[in-house]
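Read through the structure below, which is laid out as structure tokens, and then see the notes.
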Amino acid sequence: MTATATPPAPAQYKSLWRNGDFLKFWLGETLSLLGAQVTNLALPLTAILAFNASDEQVGVLRFLQLVPYLGLALIFGVWVDRARRRPIMLGANFTRMILIALVPILYWVGVLDMVSLLVIAFAIGVVSVLFDVSWMSYVPTLVKDPKYYVEAGSKLGMSASASEVAGPGIAGVLVGALTAPIALIVDAFSYLVSLISLMLIRSPEPKPEQTARRHWPSELRDGLKWVLGNPILRSLALIGFCCNLSMVSVWTMFLLYGTRDLELSSTTLGAIFATASVGGLIGAVISRKVIGRFRLGMVYLVAQSMLLVGPTLIVVAGGPQPVMIGMFVLSFFTTYLGLGVAGVVIVSLRQASTPQALMGRMTAVFRTLLFGGGALGGLFAGLLSGRIGAHGALTVAAVASAAVIIALVLSPVIRLRELPTPPPNPT
């Protein structure tokens, strides 16, 4: 009589620290996030310092970086659910590396101008959509067991927060020492390291199941229906749209306010963002313990509320410059602390509420709304700052941000005690 082989457990480790392939992915993603922070500061500073860009042009630059999410995330989401994700991620990061490197190369040869900078910003946004839709869908392939989703989200959240701590400071120093365009070399190198780390991953990625229907509009509609038909996911998506619109608006307005009105140096601006971003790192580090101790919904409510009220501290900041800078740091610290905790809750809820077969399309819907909010926030910031001044625009943004707390209190998410059981794949 032949013994029947027992299928392996979903995960043969007690912690993701023992999952080598996840650690490789985590390392590469951490470095690329760090480089992206350099780009987030260096690109607009290139426009401001090298080309004397107007408020409206800076807003358009930020808009072009994020607007591809509005038009392409859903389409890319369908593609990602049809294919293996790792090859797509490799191609996206290779393309980003080349595009980022083009800025200092064109600057060196003397042909970089505002138009070419806007075109490159848009192209970076397009491939960033493809990578972002892919990597969140790829993580469950490496983690395997849903009970590790919070740990994975916490580790990736720490990476995002750590990059926000170190990135602006590094960017400020690099921009001051090398000029804004040349500082982008660091970002190009970070994508090279990310490419190598992805190539070293050995976990097999199963080919997506083939279904009888392979119709793009129908599959896209399935993803939309899944997110908008689920009360938890729908609430996360709509509130996330408002939060991203607020954060990008405030960030862009503050960059204009600090550079033009207060005449702060790039090093000082980088130091403000870097110091404040310690809040995000703390939030990501404590998130697992906080989620384990308190109701999930209450953690989400408090964390998101901190994110939404943070901008008011910028508006009320006054007095001597050191005091004002301290208030600016406290404002962004509060926002990033809330974001660090809320981000882990949100990503874990999204993954636990969605079957693997719809993961790419679910991520695409969220990316469309979240980064669509960011794109509109950047455009709104530039246009409103050009009309009423950066400080007046910051006041409008702070009031609108605080008003979102009303929707937050009405959200079904705040009534959750713990993560839901992952649903099966649709038949």
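Chain labels A, B, ... are given in the sequence in which chains occur in the structure tokens; within each chain residues are numbered consecutively from 1, and ligands are likewise numbered from 1 in the order shown.
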Residues within 12 Å of Leu410 in chain A, only C-alpha atoms, excluding chain neighbours under 4 positions, as JSON, numbers by chain
{"A": [231, 232, 235, 236, 239, 297, 301, 404, 405, 406, 414, 415]}
Name the residues in contact with Val399 in chain A at a cut-off of 8 Å, using only C-alpha atoms, excluding same-chain residues fewer than 4 positions from it; report them as a PyMOL selection string.
chain A and resi 312+395+403
How would the residues just picked look written out with all heavy atoms as a PDB file, in the first residue's frame?
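The new file selection-v5.pdb reads:
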```pdb
ATOM      1  N   THR A 312      -3.420  71.165   9.505  1.00  0.00           N
ATOM      2  CA  THR A 312      -3.836  72.399  10.186  1.00  0.00           C
ATOM      3  C   THR A 312      -2.671  73.052  10.930  1.00  0.00           C
ATOM      4  O   THR A 312      -2.658  74.270  11.118  1.00  0.00           O
ATOM      5  CB  THR A 312      -4.977  72.119  11.179  1.00  0.00           C
ATOM      6  OG1 THR A 312      -4.538  71.149  12.151  1.00  0.00           O
ATOM      7  CG2 THR A 312      -6.200  71.580  10.463  1.00  0.00           C
ATOM      8  N   THR A 395      -4.474  76.839   3.654  1.00  0.00           N
ATOM      9  CA  THR A 395      -5.623  76.978   4.550  1.00  0.00           C
ATOM     10  C   THR A 395      -6.837  76.239   4.001  1.00  0.00           C
ATOM     11  O   THR A 395      -7.533  75.513   4.731  1.00  0.00           O
ATOM     12  CB  THR A 395      -5.962  78.468   4.757  1.00  0.00           C
ATOM     13  OG1 THR A 395      -4.823  79.151   5.270  1.00  0.00           O
ATOM     14  CG2 THR A 395      -7.129  78.635   5.711  1.00  0.00           C
ATOM     15  N   ALA A 403     -12.420  67.990   7.143  1.00  0.00           N
ATOM     16  CA  ALA A 403     -13.826  67.657   6.906  1.00  0.00           C
ATOM     17  C   ALA A 403     -14.022  66.190   6.530  1.00  0.00           C
ATOM     18  O   ALA A 403     -15.113  65.625   6.719  1.00  0.00           O
ATOM     19  CB  ALA A 403     -14.392  68.553   5.805  1.00  0.00           C
TER      20      ALA A 403
END
```
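Using only C-alpha atoms for every distance, the candidate list A:Gly240, A:Ala402, A:Pro204, A:Pro322 yields A:Ala402 as the residue closest to Gly310 in chain A.
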Would you return as a PyMOL selection string the members of range 258-398 of chain A that DSSP assigns to alpha helix (DSSP H) on this structure's backbone?
chain A and resi 266-276+278-293+296-309+312-316+321-352+359-388+390-398
Residues from the last selection, C-alpha atoms, saved as an mmCIF file, in the first residue's frame:
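Wrote selection10.cif, looks like this:
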```
data_model
loop_
_atom_site.group_PDB
_atom_site.id
_atom_site.type_symbol
_atom_site.label_atom_id
_atom_site.label_comp_id
_atom_site.auth_asym_id
_atom_site.auth_seq_id
_atom_site.Cartn_x
_atom_site.Cartn_y
_atom_site.Cartn_z
ATOM 1 C CA SER A 266 16.638 72.732 -0.374
ATOM 2 C CA THR A 267 18.691 71.366 2.533
ATOM 3 C CA THR A 268 16.254 72.846 5.068
ATOM 4 C CA LEU A 269 13.230 71.533 3.182
ATOM 5 C CA GLY A 270 14.808 68.088 2.995
ATOM 6 C CA ALA A 271 15.565 68.191 6.728
ATOM 7 C CA ILE A 272 11.942 69.122 7.532
ATOM 8 C CA PHE A 273 10.568 66.208 5.521
ATOM 9 C CA ALA A 274 13.202 63.793 6.813
ATOM 10 C CA THR A 275 12.707 64.689 10.484
ATOM 11 C CA ALA A 276 8.928 64.606 10.210
ATOM 12 C CA VAL A 278 10.335 59.617 11.558
ATOM 13 C CA GLY A 279 6.644 59.583 12.501
ATOM 14 C CA GLY A 280 5.884 57.263 9.587
ATOM 15 C CA LEU A 281 8.703 54.933 10.602
ATOM 16 C CA ILE A 282 7.446 54.823 14.186
ATOM 17 C CA GLY A 283 3.914 54.150 12.933
ATOM 18 C CA ALA A 284 5.007 51.244 10.758
ATOM 19 C CA VAL A 285 7.164 49.772 13.554
ATOM 20 C CA ILE A 286 4.398 49.867 16.186
ATOM 21 C CA SER A 287 1.561 48.935 13.829
ATOM 22 C CA ARG A 288 1.643 45.156 14.485
ATOM 23 C CA LYS A 289 1.550 45.587 18.261
ATOM 24 C CA VAL A 290 -1.145 48.251 18.072
ATOM 25 C CA ILE A 291 -3.289 46.116 15.741
ATOM 26 C CA GLY A 292 -2.779 43.097 18.024
ATOM 27 C CA ARG A 293 -3.846 45.011 21.126
ATOM 28 C CA LEU A 296 -8.704 46.955 14.004
ATOM 29 C CA GLY A 297 -11.420 49.504 13.213
ATOM 30 C CA MET A 298 -10.458 51.765 16.098
ATOM 31 C CA VAL A 299 -6.804 51.701 15.059
ATOM 32 C CA TYR A 300 -7.866 52.720 11.546
ATOM 33 C CA LEU A 301 -10.065 55.565 12.848
ATOM 34 C CA VAL A 302 -7.392 57.103 15.065
ATOM 35 C CA ALA A 303 -4.588 56.721 12.512
ATOM 36 C CA GLN A 304 -6.554 58.222 9.621
ATOM 37 C CA SER A 305 -7.773 61.089 11.814
ATOM 38 C CA MET A 306 -4.165 62.000 12.628
ATOM 39 C CA LEU A 307 -3.381 62.049 8.915
ATOM 40 C CA LEU A 308 -6.324 64.328 8.169
ATOM 41 C CA VAL A 309 -5.797 66.916 10.930
ATOM 42 C CA THR A 312 -3.836 72.399 10.186
ATOM 43 C CA LEU A 313 -0.556 72.808 12.090
ATOM 44 C CA ILE A 314 1.129 74.276 8.992
ATOM 45 C CA VAL A 315 -1.587 76.911 8.648
ATOM 46 C CA VAL A 316 -1.400 78.072 12.274
ATOM 47 C CA GLN A 321 11.531 80.910 11.807
ATOM 48 C CA PRO A 322 12.820 78.144 14.153
ATOM 49 C CA VAL A 323 9.375 77.961 15.794
ATOM 50 C CA MET A 324 7.664 77.832 12.402
ATOM 51 C CA ILE A 325 9.969 75.061 11.232
ATOM 52 C CA GLY A 326 9.199 73.126 14.422
ATOM 53 C CA MET A 327 5.477 73.434 13.689
ATOM 54 C CA PHE A 328 6.035 72.274 10.118
ATOM 55 C CA VAL A 329 7.906 69.220 11.384
ATOM 56 C CA LEU A 330 5.141 68.475 13.915
ATOM 57 C CA SER A 331 2.494 68.760 11.200
ATOM 58 C CA PHE A 332 4.151 66.308 8.839
ATOM 59 C CA PHE A 333 5.176 64.085 11.782
ATOM 60 C CA THR A 334 1.515 63.735 12.809
ATOM 61 C CA THR A 335 0.446 63.030 9.235
ATOM 62 C CA TYR A 336 3.180 60.432 8.639
ATOM 63 C CA LEU A 337 2.610 58.727 12.011
ATOM 64 C CA GLY A 338 -1.050 58.219 11.132
ATOM 65 C CA LEU A 339 -0.134 57.096 7.625
ATOM 66 C CA GLY A 340 2.418 54.588 8.949
ATOM 67 C CA VAL A 341 -0.200 52.778 11.032
ATOM 68 C CA ALA A 342 -3.169 53.227 8.683
ATOM 69 C CA GLY A 343 -1.185 51.981 5.675
ATOM 70 C CA VAL A 344 -0.560 48.582 7.291
ATOM 71 C CA VAL A 345 -4.244 48.256 8.226
ATOM 72 C CA ILE A 346 -5.415 49.235 4.738
ATOM 73 C CA VAL A 347 -3.084 46.962 2.753
ATOM 74 C CA SER A 348 -3.780 43.991 5.059
ATOM 75 C CA LEU A 349 -7.538 44.527 4.751
ATOM 76 C CA ARG A 350 -7.335 44.770 0.971
ATOM 77 C CA GLN A 351 -5.346 41.543 0.682
ATOM 78 C CA ALA A 352 -7.524 39.666 3.175
ATOM 79 C CA MET A 359 -5.778 40.800 -6.639
ATOM 80 C CA GLY A 360 -4.312 42.695 -9.611
ATOM 81 C CA ARG A 361 -7.614 44.292 -10.568
ATOM 82 C CA MET A 362 -8.422 45.182 -6.952
ATOM 83 C CA THR A 363 -4.992 46.820 -6.642
ATOM 84 C CA ALA A 364 -5.574 48.638 -9.925
ATOM 85 C CA VAL A 365 -8.883 50.110 -8.739
ATOM 86 C CA PHE A 366 -7.211 51.328 -5.556
ATOM 87 C CA ARG A 367 -4.241 52.719 -7.451
ATOM 88 C CA THR A 368 -6.603 54.546 -9.808
ATOM 89 C CA LEU A 369 -8.429 56.215 -6.939
ATOM 90 C CA LEU A 370 -5.485 56.788 -4.607
ATOM 91 C CA PHE A 371 -3.053 58.133 -7.160
ATOM 92 C CA GLY A 372 -5.843 59.805 -9.074
ATOM 93 C CA GLY A 373 -6.490 61.750 -5.898
ATOM 94 C CA GLY A 374 -2.776 62.514 -5.704
ATOM 95 C CA ALA A 375 -2.674 63.678 -9.328
ATOM 96 C CA LEU A 376 -5.628 65.994 -8.838
ATOM 97 C CA GLY A 377 -4.063 67.177 -5.579
ATOM 98 C CA GLY A 378 -0.858 68.203 -7.340
ATOM 99 C CA LEU A 379 -2.744 70.050 -10.070
ATOM 100 C CA PHE A 380 -5.107 71.650 -7.555
ATOM 101 C CA ALA A 381 -2.143 72.771 -5.429
ATOM 102 C CA GLY A 382 -0.380 74.489 -8.322
ATOM 103 C CA LEU A 383 -3.480 76.206 -9.687
ATOM 104 C CA LEU A 384 -4.830 77.363 -6.310
ATOM 105 C CA SER A 385 -1.408 78.551 -5.101
ATOM 106 C CA GLY A 386 -1.042 80.555 -8.312
ATOM 107 C CA ARG A 387 -4.411 82.222 -7.676
ATOM 108 C CA ILE A 388 -4.461 82.958 -3.926
ATOM 109 C CA ALA A 390 0.553 79.150 -1.220
ATOM 110 C CA HIS A 391 -0.450 79.996 2.371
ATOM 111 C CA GLY A 392 -4.059 80.714 1.403
ATOM 112 C CA ALA A 393 -4.142 77.476 -0.580
ATOM 113 C CA LEU A 394 -2.771 75.580 2.433
ATOM 114 C CA THR A 395 -5.623 76.978 4.550
ATOM 115 C CA VAL A 396 -8.235 75.719 2.077
ATOM 116 C CA ALA A 397 -6.557 72.302 1.925
ATOM 117 C CA ALA A 398 -6.363 71.972 5.725
#
```
Of the candidates A:Phe63, A:Phe189, A:Tyr148, A:Trp79, which shows the shortest atom-to-atom distance to Ala357 in chain A, using only C-alpha atoms?
A:Trp79
Between CA of Ser194 in chain A and CA of Cys243 in chain A lies a distance of 28.4 Å
